[in-house]
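The structure under discussion appears below in the form of structure tokens.
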Amino acid sequence: MVLLQDCEELVLHNILSKVGARHAAQLSCLSKSLRNAALDDSIWAVKSCWDAIKSWASENFPELLSTLQRGASESEINEMEQRMEVKFPLATRIIYRFVNGQEIKDFDFFENEQLASLGLIGGYSFYGHSVNVHLLPLSEIFRKTTELAFLFPSNRQKCVVMAASCNLNKFFFLDCSNSQLYVGTGNLDSGEMMPCVPNELVQAVPNQQDALLLWLEEYGRHLHKGMYRVRKEQNIKRISLYPETSPLCTTAVTNGVQVRASAVFVPENSDLQSEGGKYFFSYSIRMRLISEGNILDGTCLTSCQLCSRHWIFRANGTIVSDISDKAVIGKYPLLYVDGEEFVYESCTNQPSSSGSAEGAFTFVPGSLRSPKGRPFDAEIAQFPVNLPEYIF
């Protein structure tokens with residue numbers, strides 16, 4: 001028992017987590033160190049968080065698991081804190097005791113799209129702007145923090161870079177002085193950042209709540225609820241941050257044409273100092289022709305082709321944009337019954353953090369070259385274009 005109680009707290013916790021609740025309670029009576037390990041809510045919370053993320057990955061994205069590095073030691077974390085002259089919040093220390101970020105053989109060499117797609121926090125892509133966020137290991141935290149320290153405003157001198165996009169266009173910063181997690185905006189070069197977790201949650205228990213843990217816990221919940229899913233494009237798999245479940249993702253079916261739509265906030269392109277389009281969003285549209293209700297004027301639709309679009313964007317309930325034009329991203333998708341889903345992404349600037357989008361796509365039965373009936377409008381059900389509580 002002397003050897004057991006002399007073990008590090010994380011080691012004791014791992015032992016207790018494997019023996020079950022009843023035996024853990026019994027062991028906690030044997031020594032103070034075992035009792036502290038059994039009662040430490042932070043350790044249990046971090047373990048539960050990592051277990052949730054890993055269990056989802058094992059079923060949906062097993063390639064991701066191989067990038068998660070073995071946990072760092074206490075001495076490694078202490079050394080990193082000394083080098084950066086910061087003190088990590090307790091939960092952050094425990095997070096890195098379990099998993100030392102993601103393995104990044106050469107973080108500046110992300111022309112390898114397969115490697116770039118394995119970001120734990122996922123991302124999005126539109127018009128050549130691609131994001132896929134990796135949780136950094138301690139070595140990269142030090143390197144990136146050192147490189148970007150000149151960007152930190154005077155009230156953010158205890159910030160460290162915890163996560164970054166594969167092509168270094170999106171950064172997440174943990175402020176060790178207040179335990180809040182921030183993301184850089186389009187004005188990061190002037191130090192502009194946004195909180196990623198509601199401030200009231202971080203401030204609920206001073207010096208105990210850690211935004212990084214709250215952030216990862218919420219992200220894990222989104223994964224398990226199917227909010228975020230793995231997409232495969234050109235044989236490359238990645239976690240997509242375009243919501244896939246209601247109410248953030250809406251679905252409408254018109255004459256068999258199913259249209260799903262959702263939006264994601266893009267902080268790195270947002271300009272909070274602007275008087276106009278402060279908030280930048282990307283939206284994803286998924287359309288296909290299904291075999292249920294695919295009838296127009298009594299005729300069964302076996303195919304149809306898009307010819308034009310109509311969009312209405314609102315901010316705080318007021319229409320700020322009403323657009324009609326041909327095609328979508330320069331394409332005229334031809335849909336076949338139960339064929340492949342056509343997916344495209346675009347973007348919009350909004351003057352407020354609360355808004356919505358809706359509209360319609362005009363289709364021709366058959367094809368544009370060989371129409372089989374009159375044109376019809378397929379509804380794009382209204383979907384939210386809002387600043388989320390948690391920013392990923």
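Residues in the structure tokens are named by chain (A, B, ... in the order shown) and by number from 1 within that chain; ligands are numbered from 1 in the order shown.
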
Once DSSP has gone over the backbone, tell me which residues of stretch 152-311 of chain A are in strand (DSSP E or B), as a ChimeraX atom specification. /A:159-165,171-175,180-184,193-195,229-233,236-240,249-254,257-265,279-289,295-296,299-300,303-311

Would you list, as JSON, numbers by chain, the residues of stretch 106-313 of chain A that end up in helix (DSSP H, G or I) under DSSP run on this structure's backbone? {"A": [113, 114, 115, 116, 138, 139, 140, 141, 142, 143, 144, 145, 146, 147, 148, 149, 150, 151, 154, 155, 156, 188, 189, 190, 199, 200, 201, 202, 211, 212, 213, 214, 215, 216, 217, 218, 219, 220, 221, 222, 223, 224, 267, 268, 269]}

For A:Tyr283, the nearest of the candidates A:Asp297, A:Glu358, A:Glu218, A:Asp175, counting only C-alpha atoms: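 Of A:Asp297, A:Glu358, A:Glu218, A:Asp175, the one nearest A:Tyr283 is A:Glu358, counting only C-alpha atoms.
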
A:Tyr336, A:Trp311, A:Phe342, A:Tyr96: which is nearest A:Ala357, counting only C-alpha atoms? A:Trp311

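Going from atom CA of A:Ala252 over to atom CA of A:Val385, you cover 17.1 Å.
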
Nearby residues (only C-alpha atoms) at most 10 Å from A:Ile329, same-chain spacing under 5 positions excluded, as a ChimeraX atom specification: /A:127,344-346

Could you turn the residues from that selection into a file that holds N, CA, C and O atoms, as a compact mmCIF listing (two decimals), in the first residue's frame?
```
# COMPACT_ATOMS: atom_id res chain seq x y z
N TYR A 127 -14.96 27.93 -51.40
CA TYR A 127 -14.24 28.84 -52.29
C TYR A 127 -12.73 28.87 -52.02
O TYR A 127 -12.12 29.95 -51.98
N TYR A 344 -22.81 21.55 -52.06
CA TYR A 344 -21.96 22.71 -52.34
C TYR A 344 -21.96 23.64 -51.12
O TYR A 344 -22.87 23.62 -50.29
N GLU A 345 -20.91 24.45 -51.02
CA GLU A 345 -20.77 25.40 -49.93
C GLU A 345 -20.57 26.80 -50.49
O GLU A 345 -19.94 26.98 -51.53
N SER A 346 -21.11 27.76 -49.77
CA SER A 346 -20.92 29.16 -50.13
C SER A 346 -20.77 29.95 -48.83
O SER A 346 -20.59 29.37 -47.76
```

Name the closest residue to A:Arg70 among the candidates A:Ser308, A:Asn349, A:Asn294, A:Asn100; distances are taken between atoms, counting only C-alpha atoms.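 Checking each candidate against A:Arg70, we get A:Asn100 as the closest.
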
Here is a test: counting only C-alpha atoms, which residue of A:Gln82, A:Ser58, A:Asn178, A:Ser324 is nearest to A:Arg156?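 Nearest to A:Arg156: A:Asn178.
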
Pick out the residues sitting within 12 Å of A:Glu81, and hand them over as a list in words; count only C-alpha atoms, and ignore anything fewer than 5 positions along from it in its own chain. Glu74, Ser75, Glu76, Val86, Lys87, Phe88, Pro89, Thr92, Arg93, Leu138, Ser139, Ile141, Phe142, Thr145, Lys158, Cys159, Val160 and Cys176 of chain A

In terms of the shortest atom-to-atom distance over only C-alpha atoms, which of A:Val197, A:Leu120, A:Cys347, A:Cys304 is closest to A:Arg229?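 That would be A:Leu120, the residue with the smallest distance to A:Arg229.
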